[in-house]
$ cat my_file-v5.csv   # CSV, N, CA and C atoms
chain,number,residue,atom,x,y,z
A,1332,MET,N,-95.9,-13.6,-38.8
A,1332,MET,CA,-95.5,-13.6,-37.4
A,1332,MET,C,-95.3,-15.0,-36.9
A,1333,ILE,N,-96.1,-15.9,-37.4
A,1333,ILE,CA,-96.0,-17.3,-37.0
A,1333,ILE,C,-94.7,-17.8,-37.5
A,1334,MET,N,-94.3,-17.4,-38.7
A,1334,MET,CA,-93.0,-17.9,-39.3
A,1334,MET,C,-91.8,-17.4,-38.4
A,1335,ILE,N,-91.9,-16.2,-37.9
A,1335,ILE,CA,-90.8,-15.6,-37.1
A,1335,ILE,C,-90.7,-16.3,-35.8
A,1336,LYS,N,-91.9,-16.7,-35.2
A,1336,LYS,CA,-91.8,-17.4,-34.0
A,1336,LYS,C,-91.2,-18.8,-34.2
A,1337,ARG,N,-91.6,-19.4,-35.3
A,1337,ARG,CA,-91.0,-20.8,-35.6
A,1337,ARG,C,-89.5,-20.7,-35.8
A,1338,SER,N,-89.1,-19.7,-36.5
A,1338,SER,CA,-87.6,-19.5,-36.8
A,1338,SER,C,-86.9,-19.2,-35.5
A,1339,LEU,N,-87.5,-18.4,-34.6
A,1339,LEU,CA,-86.8,-18.1,-33.3
A,1339,LEU,C,-86.8,-19.4,-32.5
A,1340,ALA,N,-87.8,-20.2,-32.5
A,1340,ALA,CA,-87.8,-21.4,-31.7
A,1340,ALA,C,-86.8,-22.4,-32.2
A,1341,ALA,N,-86.7,-22.5,-33.6
A,1341,ALA,CA,-85.7,-23.3,-34.2
A,1341,ALA,C,-84.3,-22.8,-33.8
A,1342,LYS,N,-84.1,-21.5,-33.8
A,1342,LYS,CA,-82.8,-21.0,-33.5
A,1342,LYS,C,-82.4,-21.3,-32.0
A,1343,ARG,N,-83.4,-21.2,-31.1
A,1343,ARG,CA,-83.2,-21.5,-29.7
A,1343,ARG,C,-82.8,-23.0,-29.6
A,1344,GLY,N,-83.5,-23.8,-30.3
A,1344,GLY,CA,-83.2,-25.2,-30.3
A,1344,GLY,C,-81.8,-25.5,-30.7
A,1345,GLU,N,-81.4,-24.8,-31.8
A,1345,GLU,CA,-80.0,-25.0,-32.2
A,1345,GLU,C,-79.0,-24.5,-31.2
A,1346,ASP,N,-79.3,-23.4,-30.5
A,1346,ASP,CA,-78.4,-22.9,-29.5
A,1346,ASP,C,-78.3,-23.9,-28.3
A,1347,ALA,N,-79.4,-24.5,-28.0
A,1347,ALA,CA,-79.4,-25.5,-26.9
A,1347,ALA,C,-78.6,-26.7,-27.3
A,1348,MET,N,-78.7,-27.1,-28.6
A,1348,MET,CA,-77.9,-28.2,-29.0
A,1348,MET,C,-76.4,-27.9,-29.0
A,1349,ARG,N,-76.1,-26.7,-29.4
A,1349,ARG,CA,-74.6,-26.3,-29.4
A,1349,ARG,C,-74.1,-26.3,-27.9
A,1350,LEU,N,-75.0,-25.9,-27.0
A,1350,LEU,CA,-74.6,-25.9,-25.6
A,1350,LEU,C,-74.4,-27.3,-25.1
A,1351,ARG,N,-75.2,-28.2,-25.5
A,1351,ARG,CA,-75.1,-29.6,-25.1
A,1351,ARG,C,-73.8,-30.2,-25.7
A,1352,GLU,N,-73.5,-29.8,-26.9
A,1352,GLU,CA,-72.3,-30.3,-27.6
A,1352,GLU,C,-71.1,-29.8,-26.9
A,1353,ARG,N,-71.1,-28.6,-26.4
A,1353,ARG,CA,-70.0,-28.1,-25.6
A,1353,ARG,C,-69.8,-28.8,-24.3
A,1354,ARG,N,-70.9,-29.2,-23.7
A,1354,ARG,CA,-70.8,-29.9,-22.5
A,1354,ARG,C,-70.3,-31.3,-22.7
A,1355,LYS,N,-70.6,-31.9,-23.8
A,1355,LYS,CA,-70.2,-33.3,-24.1
A,1355,LYS,C,-68.8,-33.4,-24.4
A,1356,LYS,N,-68.1,-32.3,-24.6
A,1356,LYS,CA,-66.7,-32.4,-25.0
A,1356,LYS,C,-65.8,-33.1,-24.0
A,1357,GLY,N,-66.2,-33.1,-22.8
A,1357,GLY,CA,-65.5,-33.7,-21.7
A,1357,GLY,C,-65.0,-32.8,-20.7
A,1358,TRP,N,-64.2,-33.3,-19.8
A,1358,TRP,CA,-63.7,-32.4,-18.7
A,1358,TRP,C,-62.5,-31.6,-19.1
A,1359,PHE,N,-62.0,-31.8,-20.3
A,1359,PHE,CA,-60.8,-31.0,-20.7
A,1359,PHE,C,-61.2,-29.7,-21.2
A,1360,THR,N,-61.4,-28.8,-20.3
A,1360,THR,CA,-61.7,-27.4,-20.7
A,1360,THR,C,-60.8,-26.5,-19.9
A,1361,TRP,N,-60.7,-25.2,-20.4
A,1361,TRP,CA,-59.8,-24.3,-19.7
A,1361,TRP,C,-60.2,-24.0,-18.3
A,1362,PHE,N,-61.5,-24.0,-18.0
A,1362,PHE,CA,-61.9,-23.8,-16.6
A,1362,PHE,C,-61.5,-24.9,-15.7
A,1363,ASN,N,-61.6,-26.2,-16.2
A,1363,ASN,CA,-61.2,-27.3,-15.4
A,1363,ASN,C,-59.7,-27.4,-15.2
A,1364,ILE,N,-58.9,-27.0,-16.2
A,1364,ILE,CA,-57.5,-26.9,-16.1
A,1364,ILE,C,-57.1,-25.9,-15.1
A,1365,LEU,N,-57.7,-24.7,-15.1
A,1365,LEU,CA,-57.4,-23.6,-14.2
A,1365,LEU,C,-57.8,-24.1,-12.8
A,1366,LEU,N,-58.9,-24.8,-12.6
A,1366,LEU,CA,-59.4,-25.2,-11.3
A,1366,LEU,C,-58.4,-26.2,-10.7
A,1367,ILE,N,-57.9,-27.2,-11.6
A,1367,ILE,CA,-57.0,-28.1,-11.1
A,1367,ILE,C,-55.6,-27.5,-10.7
A,1368,ALA,N,-55.2,-26.5,-11.5
A,1368,ALA,CA,-54.0,-25.7,-11.2
A,1368,ALA,C,-54.1,-25.0,-9.8
A,1369,ILE,N,-55.3,-24.4,-9.6
A,1369,ILE,CA,-55.5,-23.7,-8.3
A,1369,ILE,C,-55.4,-24.7,-7.2
A,1370,ILE,N,-56.1,-25.9,-7.3
A,1370,ILE,CA,-56.1,-26.9,-6.3
A,1370,ILE,C,-54.7,-27.4,-6.0
A,1371,VAL,N,-53.9,-27.6,-7.1
A,1371,VAL,CA,-52.5,-28.1,-6.9
A,1371,VAL,C,-51.7,-27.0,-6.2
A,1372,TYR,N,-51.9,-25.8,-6.5
A,1372,TYR,CA,-51.1,-24.7,-5.9
A,1372,TYR,C,-51.4,-24.6,-4.4
A,1373,PHE,N,-52.7,-24.6,-4.1
A,1373,PHE,CA,-53.0,-24.5,-2.6
A,1373,PHE,C,-52.6,-25.8,-1.9
A,1374,SER,N,-52.7,-26.9,-2.5
A,1374,SER,CA,-52.3,-28.1,-1.9
A,1374,SER,C,-50.8,-28.1,-1.6
A,1375,SER,N,-50.0,-27.6,-2.5
A,1375,SER,CA,-48.5,-27.5,-2.3
A,1375,SER,C,-48.2,-26.5,-1.1
A,1376,ILE,N,-49.0,-25.4,-1.1
A,1376,ILE,CA,-48.8,-24.5,0.0
A,1376,ILE,C,-49.1,-25.1,1.3
A,1377,LEU,N,-50.2,-25.9,1.4
A,1377,LEU,CA,-50.7,-26.5,2.6
A,1377,LEU,C,-49.6,-27.5,3.1
A,1378,ILE,N,-49.1,-28.3,2.1
A,1378,ILE,CA,-48.1,-29.3,2.5
A,1378,ILE,C,-46.8,-28.7,3.0
A,1379,SER,N,-46.4,-27.6,2.3
A,1379,SER,CA,-45.1,-26.9,2.8
A,1379,SER,C,-45.3,-26.3,4.2
A,1380,GLN,N,-46.5,-25.8,4.5
A,1380,GLN,CA,-46.8,-25.2,5.8
A,1380,GLN,C,-46.8,-26.3,6.8
A,1381,GLN,N,-47.3,-27.5,6.5
A,1381,GLN,CA,-47.2,-28.6,7.4
A,1381,GLN,C,-45.8,-29.1,7.7
A,1382,PHE,N,-45.0,-29.1,6.7
A,1382,PHE,CA,-43.5,-29.4,7.0
A,1382,PHE,C,-42.9,-28.4,7.8
A,1383,TYR,N,-43.2,-27.1,7.6
A,1383,TYR,CA,-42.6,-26.0,8.4
A,1383,TYR,C,-43.1,-26.1,9.8
A,1384,LEU,N,-44.4,-26.4,10.0
A,1384,LEU,CA,-44.9,-26.5,11.4
A,1384,LEU,C,-44.3,-27.7,12.1
A,1385,SER,N,-44.1,-28.8,11.4
A,1385,SER,CA,-43.4,-29.9,12.1
A,1385,SER,C,-42.0,-29.6,12.5
A,1386,GLN,N,-41.3,-28.8,11.7
A,1386,GLN,CA,-39.9,-28.4,12.0
A,1386,GLN,C,-39.9,-27.5,13.2
A,1387,VAL,N,-40.9,-26.6,13.2
A,1387,VAL,CA,-41.0,-25.6,14.4
A,1387,VAL,C,-41.3,-26.4,15.7
A,1388,ASN,N,-42.2,-27.4,15.6
A,1388,ASN,CA,-42.5,-28.2,16.8
A,1388,ASN,C,-41.2,-29.0,17.3
A,1389,GLU,N,-40.4,-29.5,16.3
A,1389,GLU,CA,-39.2,-30.2,16.7
A,1389,GLU,C,-38.2,-29.2,17.4
A,1390,ASP,N,-38.1,-28.0,16.8
A,1390,ASP,CA,-37.2,-27.0,17.4
A,1390,ASP,C,-37.7,-26.6,18.8
A,1391,GLN,N,-39.0,-26.5,18.9
A,1391,GLN,CA,-39.6,-26.1,20.2
A,1391,GLN,C,-39.3,-27.2,21.3
A,1392,ALA,N,-39.5,-28.5,20.9
A,1392,ALA,CA,-39.2,-29.6,21.8
A,1392,ALA,C,-37.7,-29.6,22.2
A,1393,ALA,N,-36.8,-29.3,21.3
A,1393,ALA,CA,-35.4,-29.3,21.6
A,1393,ALA,C,-35.1,-28.1,22.5
A,1394,ALA,N,-35.7,-27.0,22.3
A,1394,ALA,CA,-35.5,-25.8,23.1
A,1394,ALA,C,-36.0,-26.1,24.5
A,1395,GLU,N,-37.2,-26.7,24.6
A,1395,GLU,CA,-37.7,-27.0,26.0
A,1395,GLU,C,-36.8,-28.0,26.7
A,1396,ALA,N,-36.2,-29.0,26.0
A,1396,ALA,CA,-35.3,-29.9,26.6
A,1396,ALA,C,-34.0,-29.2,27.1
A,1397,ARG,N,-33.5,-28.2,26.3
A,1397,ARG,CA,-32.4,-27.4,26.8
A,1397,ARG,C,-32.7,-26.6,28.0
A,1398,LEU,N,-33.9,-26.0,27.9
A,1398,LEU,CA,-34.4,-25.2,29.1
A,1398,LEU,C,-34.5,-26.0,30.3
A,1399,ALA,N,-35.0,-27.2,30.2
A,1399,ALA,CA,-35.2,-28.1,31.4
A,1399,ALA,C,-33.8,-28.4,32.0
A,1400,ALA,N,-32.8,-28.7,31.1
A,1400,ALA,CA,-31.5,-29.1,31.5
A,1400,ALA,C,-30.8,-27.8,32.2
A,1401,ALA,N,-31.0,-26.7,31.6
A,1401,ALA,CA,-30.4,-25.4,32.2
A,1401,ALA,C,-31.1,-25.1,33.5
A,1402,GLN,N,-32.4,-25.3,33.6
A,1402,GLN,CA,-33.1,-25.1,34.9
A,1402,GLN,C,-32.6,-26.0,36.0
A,1403,GLU,N,-32.3,-27.3,35.6
A,1403,GLU,CA,-31.8,-28.3,36.6
A,1403,GLU,C,-30.4,-27.9,37.0
A,1404,GLU,N,-29.6,-27.5,36.1
A,1404,GLU,CA,-28.2,-27.0,36.4
A,1404,GLU,C,-28.3,-25.8,37.3
A,1405,HIS,N,-29.2,-24.9,37.0
A,1405,HIS,CA,-29.3,-23.7,37.8
A,1405,HIS,C,-29.7,-24.0,39.3
A,1406,ASP,N,-30.7,-24.9,39.4
A,1406,ASP,CA,-31.1,-25.3,40.7
A,1406,ASP,C,-30.0,-26.0,41.5
A,1407,LYS,N,-29.2,-26.8,40.8
A,1407,LYS,CA,-28.0,-27.5,41.4
A,1407,LYS,C,-27.0,-26.4,41.9
A,1408,LEU,N,-26.7,-25.4,41.1
A,1408,LEU,CA,-25.8,-24.4,41.4
A,1408,LEU,C,-26.3,-23.5,42.6
A,1409,VAL,N,-27.6,-23.2,42.6
A,1409,VAL,CA,-28.1,-22.4,43.7
A,1409,VAL,C,-28.0,-23.2,45.0
A,1410,LYS,N,-28.3,-24.5,45.0
A,1410,LYS,CA,-28.2,-25.3,46.2
A,1410,LYS,C,-26.7,-25.4,46.6
A,1411,GLU,N,-25.8,-25.5,45.7
A,1411,GLU,CA,-24.4,-25.5,46.1
A,1411,GLU,C,-23.9,-24.2,46.7
A,1412,LYS,N,-24.5,-23.1,46.1
A,1412,LYS,CA,-24.1,-21.8,46.6
A,1412,LYS,C,-24.6,-21.6,48.1
A,1413,GLU,N,-25.8,-22.1,48.3
A,1413,GLU,CA,-26.3,-22.1,49.7
A,1413,GLU,C,-25.5,-22.9,50.6
A,1414,ASN,N,-25.0,-24.1,50.2
A,1414,ASN,CA,-24.2,-25.0,51.0
A,1414,ASN,C,-22.8,-24.4,51.3
A,1415,LEU,N,-22.3,-23.5,50.4
A,1415,LEU,CA,-21.0,-23.0,50.6
A,1415,LEU,C,-20.9,-22.1,51.8
A,1416,GLY,N,-22.0,-21.7,52.4
A,1416,GLY,CA,-22.0,-20.9,53.6
A,1416,GLY,C,-21.9,-21.8,54.8
A,1417,ARG,N,-22.1,-23.1,54.7
A,1417,ARG,CA,-22.1,-24.0,55.9
A,1417,ARG,C,-20.7,-24.6,56.0
A,1418,LEU,N,-20.2,-24.6,57.3
A,1418,LEU,CA,-18.9,-25.1,57.5
A,1418,LEU,C,-18.7,-26.6,57.3
A,1419,ASP,N,-19.8,-27.4,57.6
A,1419,ASP,CA,-19.6,-28.8,57.4
A,1419,ASP,C,-19.5,-29.2,55.9
A,1420,TYR,N,-20.2,-28.4,55.1
A,1420,TYR,CA,-20.1,-28.7,53.6
A,1420,TYR,C,-18.7,-28.3,53.1
A,1421,ILE,N,-18.2,-27.2,53.6
A,1421,ILE,CA,-16.8,-26.7,53.2
A,1421,ILE,C,-15.8,-27.8,53.6
A,1422,GLU,N,-16.0,-28.3,54.8
A,1422,GLU,CA,-15.1,-29.4,55.3
A,1422,GLU,C,-15.2,-30.6,54.4
A,1423,LYS,N,-16.4,-31.0,54.1
A,1423,LYS,CA,-16.6,-32.2,53.2
A,1423,LYS,C,-15.9,-32.0,51.9
A,1424,ILE,N,-16.0,-30.8,51.3
A,1424,ILE,CA,-15.4,-30.6,50.0
A,1424,ILE,C,-13.9,-30.6,50.1
A,1425,ALA,N,-13.4,-30.0,51.2
A,1425,ALA,CA,-11.9,-29.9,51.4
A,1425,ALA,C,-11.4,-31.3,51.6
A,1426,ARG,N,-12.1,-32.2,52.3
A,1426,ARG,CA,-11.6,-33.6,52.5
A,1426,ARG,C,-11.7,-34.4,51.2
A,1427,GLU,N,-12.8,-34.3,50.5
A,1427,GLU,CA,-13.0,-35.1,49.3
A,1427,GLU,C,-12.2,-34.7,48.1
A,1428,GLN,N,-12.2,-33.4,47.8
A,1428,GLN,CA,-11.6,-32.9,46.6
A,1428,GLN,C,-10.2,-32.5,46.7
A,1429,LEU,N,-9.8,-32.0,47.9
A,1429,LEU,CA,-8.5,-31.5,48.1
A,1429,LEU,C,-7.6,-32.4,48.9
A,1430,GLY,N,-8.2,-33.4,49.5
A,1430,GLY,CA,-7.4,-34.4,50.3
A,1430,GLY,C,-6.9,-33.8,51.6
A,1431,MET,N,-7.5,-32.8,52.2
A,1431,MET,CA,-7.1,-32.2,53.4
A,1431,MET,C,-7.5,-33.0,54.6
A,1432,THR,N,-6.8,-32.9,55.7
A,1432,THR,CA,-7.1,-33.6,56.9
A,1432,THR,C,-7.0,-32.7,58.1
A,1433,ARG,N,-7.6,-33.1,59.2
A,1433,ARG,CA,-7.4,-32.3,60.4
A,1433,ARG,C,-6.1,-32.6,61.0
A,1434,LYS,N,-5.7,-31.7,62.0
A,1434,LYS,CA,-4.5,-31.9,62.7
A,1434,LYS,C,-4.5,-33.2,63.5
A,1435,GLY,N,-3.6,-34.0,63.3
A,1435,GLY,CA,-3.5,-35.3,64.0
A,1435,GLY,C,-4.1,-36.5,63.2
A,1436,GLU,N,-4.8,-36.2,62.1
A,1436,GLU,CA,-5.4,-37.3,61.3
A,1436,GLU,C,-4.4,-37.7,60.2
A,1437,LEU,N,-4.5,-39.0,59.9
A,1437,LEU,CA,-3.7,-39.5,58.8
A,1437,LEU,C,-4.6,-39.6,57.6
A,1438,PRO,N,-4.2,-39.2,56.4
A,1438,PRO,CA,-5.0,-39.3,55.2
A,1438,PRO,C,-5.1,-40.8,54.8
A,1439,TYR,N,-6.3,-41.2,54.3
A,1439,TYR,CA,-6.5,-42.5,53.9
A,1439,TYR,C,-6.6,-42.5,52.4
A,1440,ASN,N,-5.7,-43.1,51.7
A,1440,ASN,CA,-5.8,-43.2,50.2
A,1440,ASN,C,-5.9,-44.7,49.9
A,1441,PRO,N,-7.0,-45.1,49.4
A,1441,PRO,CA,-7.1,-46.6,49.0
A,1441,PRO,C,-6.1,-46.9,47.9
A,1442,GLY,N,-5.4,-47.9,48.0
A,1442,GLY,CA,-4.4,-48.2,47.0
A,1442,GLY,C,-5.0,-48.9,45.8
A,1443,ARG,N,-4.3,-48.9,44.8
A,1443,ARG,CA,-4.8,-49.5,43.6
A,1443,ARG,C,-4.7,-51.0,43.7
A,1444,SER,N,-5.7,-51.7,43.2
A,1444,SER,CA,-5.6,-53.1,43.2
A,1444,SER,C,-4.7,-53.6,42.2
A,1445,VAL,N,-3.8,-54.5,42.6
A,1445,VAL,CA,-2.8,-55.1,41.7
A,1445,VAL,C,-3.3,-56.5,41.4
A,1446,GLU,N,-3.5,-56.7,40.1
A,1446,GLU,CA,-3.9,-57.9,39.6
A,1446,GLU,C,-2.7,-58.8,39.3
A,1447,GLY,N,-2.8,-60.0,39.6
A,1447,GLY,CA,-1.7,-61.0,39.3
A,1447,GLY,C,-0.8,-61.2,40.5
A,1448,LYS,N,-0.9,-60.5,41.6
A,1448,LYS,CA,0.0,-60.6,42.8
A,1448,LYS,C,-0.7,-61.4,43.9
$ encode --input "my_file-v5.csv" --output "structure tokens"
Amino acid sequence: MIMIKRSLAAKRGEDAMRLRERRKKGWFTWFNILLIAIIVYFSSILISQQFYLSQVNEDQAAAEARLAAAQEEHDKLVKEKENLGRLDYIEKIAREQLGMTRKGELPYNPGRSVEGK
């Protein structure tokens, strides 16, 4: 019985030494390679998502700028629509853009400046 116990203890010691030898092989094991591959895969996914989010943010900023410009144009057009109901505004537009005058008025057209005369 004592012999069996000694042989089992020796066998356990040999198993422990084999285990230590496996650990001493270095970091180049299949588990470590798989772990590094998983880390690289998820890192690439994270980086691609960051690029995508930055592109979405740029698109959103451009859309907001277009929206602000369209809102400003809309406000300008609404104001002009309200002014088109006023006679003094209609008269101003007729004088400035169409060159119209009242009866008895002479139109004033500033002449071109002639250089050299």
$ atom_distance --input "my_file-v5.csv" --atom1 "atom CA of A:Pro1438" --atom2 "atom C of A:Ala1425"
10.9 Å
$ atom_distance --input "my_file-v5.csv" --atom1 "atom C of A:Gln1380" --atom2 "atom C of A:Leu1366"
21.0 Å
$ atom_distance --input "my_file-v5.csv" --atom1 "atom CA of A:Ser1385" --atom2 "atom CA of A:Leu1398"
19.8 Å
$ build_atoms --input "my_file-v5.csv" --residues "stretch 1371-1392 of chain A" --atoms "N, CA, C and O atoms" --output "compact mmCIF listing (two decimals), in the coordinates of the input"
# COMPACT_ATOMS: atom_id res chain seq x y z
N VAL A 1371 -53.90 -27.60 -7.10
CA VAL A 1371 -52.50 -28.10 -6.90
C VAL A 1371 -51.70 -27.00 -6.20
O VAL A 1371 -50.90 -27.35 -5.27
N TYR A 1372 -51.90 -25.80 -6.50
CA TYR A 1372 -51.10 -24.70 -5.90
C TYR A 1372 -51.40 -24.60 -4.40
O TYR A 1372 -50.48 -24.58 -3.59
N PHE A 1373 -52.70 -24.60 -4.10
CA PHE A 1373 -53.00 -24.50 -2.60
C PHE A 1373 -52.60 -25.80 -1.90
O PHE A 1373 -52.29 -25.69 -0.69
N SER A 1374 -52.70 -26.90 -2.50
CA SER A 1374 -52.30 -28.10 -1.90
C SER A 1374 -50.80 -28.10 -1.60
O SER A 1374 -50.34 -28.49 -0.49
N SER A 1375 -50.00 -27.60 -2.50
CA SER A 1375 -48.50 -27.50 -2.30
C SER A 1375 -48.20 -26.50 -1.10
O SER A 1375 -47.34 -26.73 -0.33
N ILE A 1376 -49.00 -25.40 -1.10
CA ILE A 1376 -48.80 -24.50 0.00
C ILE A 1376 -49.10 -25.10 1.30
O ILE A 1376 -48.41 -24.98 2.34
N LEU A 1377 -50.20 -25.90 1.40
CA LEU A 1377 -50.70 -26.50 2.60
C LEU A 1377 -49.60 -27.50 3.10
O LEU A 1377 -49.25 -27.61 4.26
N ILE A 1378 -49.10 -28.30 2.10
CA ILE A 1378 -48.10 -29.30 2.50
C ILE A 1378 -46.80 -28.70 3.00
O ILE A 1378 -46.21 -29.09 3.98
N SER A 1379 -46.40 -27.60 2.30
CA SER A 1379 -45.10 -26.90 2.80
C SER A 1379 -45.30 -26.30 4.20
O SER A 1379 -44.40 -26.31 4.98
N GLN A 1380 -46.50 -25.80 4.50
CA GLN A 1380 -46.80 -25.20 5.80
C GLN A 1380 -46.80 -26.30 6.80
O GLN A 1380 -46.28 -26.14 7.95
N GLN A 1381 -47.30 -27.50 6.50
CA GLN A 1381 -47.20 -28.60 7.40
C GLN A 1381 -45.80 -29.10 7.70
O GLN A 1381 -45.47 -29.33 8.90
N PHE A 1382 -45.00 -29.10 6.70
CA PHE A 1382 -43.50 -29.40 7.00
C PHE A 1382 -42.90 -28.40 7.80
O PHE A 1382 -42.12 -28.67 8.75
N TYR A 1383 -43.20 -27.10 7.60
CA TYR A 1383 -42.60 -26.00 8.40
C TYR A 1383 -43.10 -26.10 9.80
O TYR A 1383 -42.29 -25.96 10.75
N LEU A 1384 -44.40 -26.40 10.00
CA LEU A 1384 -44.90 -26.50 11.40
C LEU A 1384 -44.30 -27.70 12.10
O LEU A 1384 -44.00 -27.61 13.34
N SER A 1385 -44.10 -28.80 11.40
CA SER A 1385 -43.40 -29.90 12.10
C SER A 1385 -42.00 -29.60 12.50
O SER A 1385 -41.53 -29.98 13.58
N GLN A 1386 -41.30 -28.80 11.70
CA GLN A 1386 -39.90 -28.40 12.00
C GLN A 1386 -39.90 -27.50 13.20
O GLN A 1386 -39.09 -27.58 14.10
N VAL A 1387 -40.90 -26.60 13.20
CA VAL A 1387 -41.00 -25.60 14.40
C VAL A 1387 -41.30 -26.40 15.70
O VAL A 1387 -40.73 -26.12 16.71
N ASN A 1388 -42.20 -27.40 15.60
CA ASN A 1388 -42.50 -28.20 16.80
C ASN A 1388 -41.20 -29.00 17.30
O ASN A 1388 -41.02 -29.10 18.47
N GLU A 1389 -40.40 -29.50 16.30
CA GLU A 1389 -39.20 -30.20 16.70
C GLU A 1389 -38.20 -29.20 17.40
O GLU A 1389 -37.62 -29.55 18.40
N ASP A 1390 -38.10 -28.00 16.80
CA ASP A 1390 -37.20 -27.00 17.40
C ASP A 1390 -37.70 -26.60 18.80
O ASP A 1390 -36.91 -26.41 19.70
N GLN A 1391 -39.00 -26.50 18.90
CA GLN A 1391 -39.60 -26.10 20.20
C GLN A 1391 -39.30 -27.20 21.30
O GLN A 1391 -38.96 -26.92 22.42
N ALA A 1392 -39.50 -28.50 20.90
CA ALA A 1392 -39.20 -29.60 21.80
C ALA A 1392 -37.70 -29.60 22.20
O ALA A 1392 -37.40 -29.79 23.40
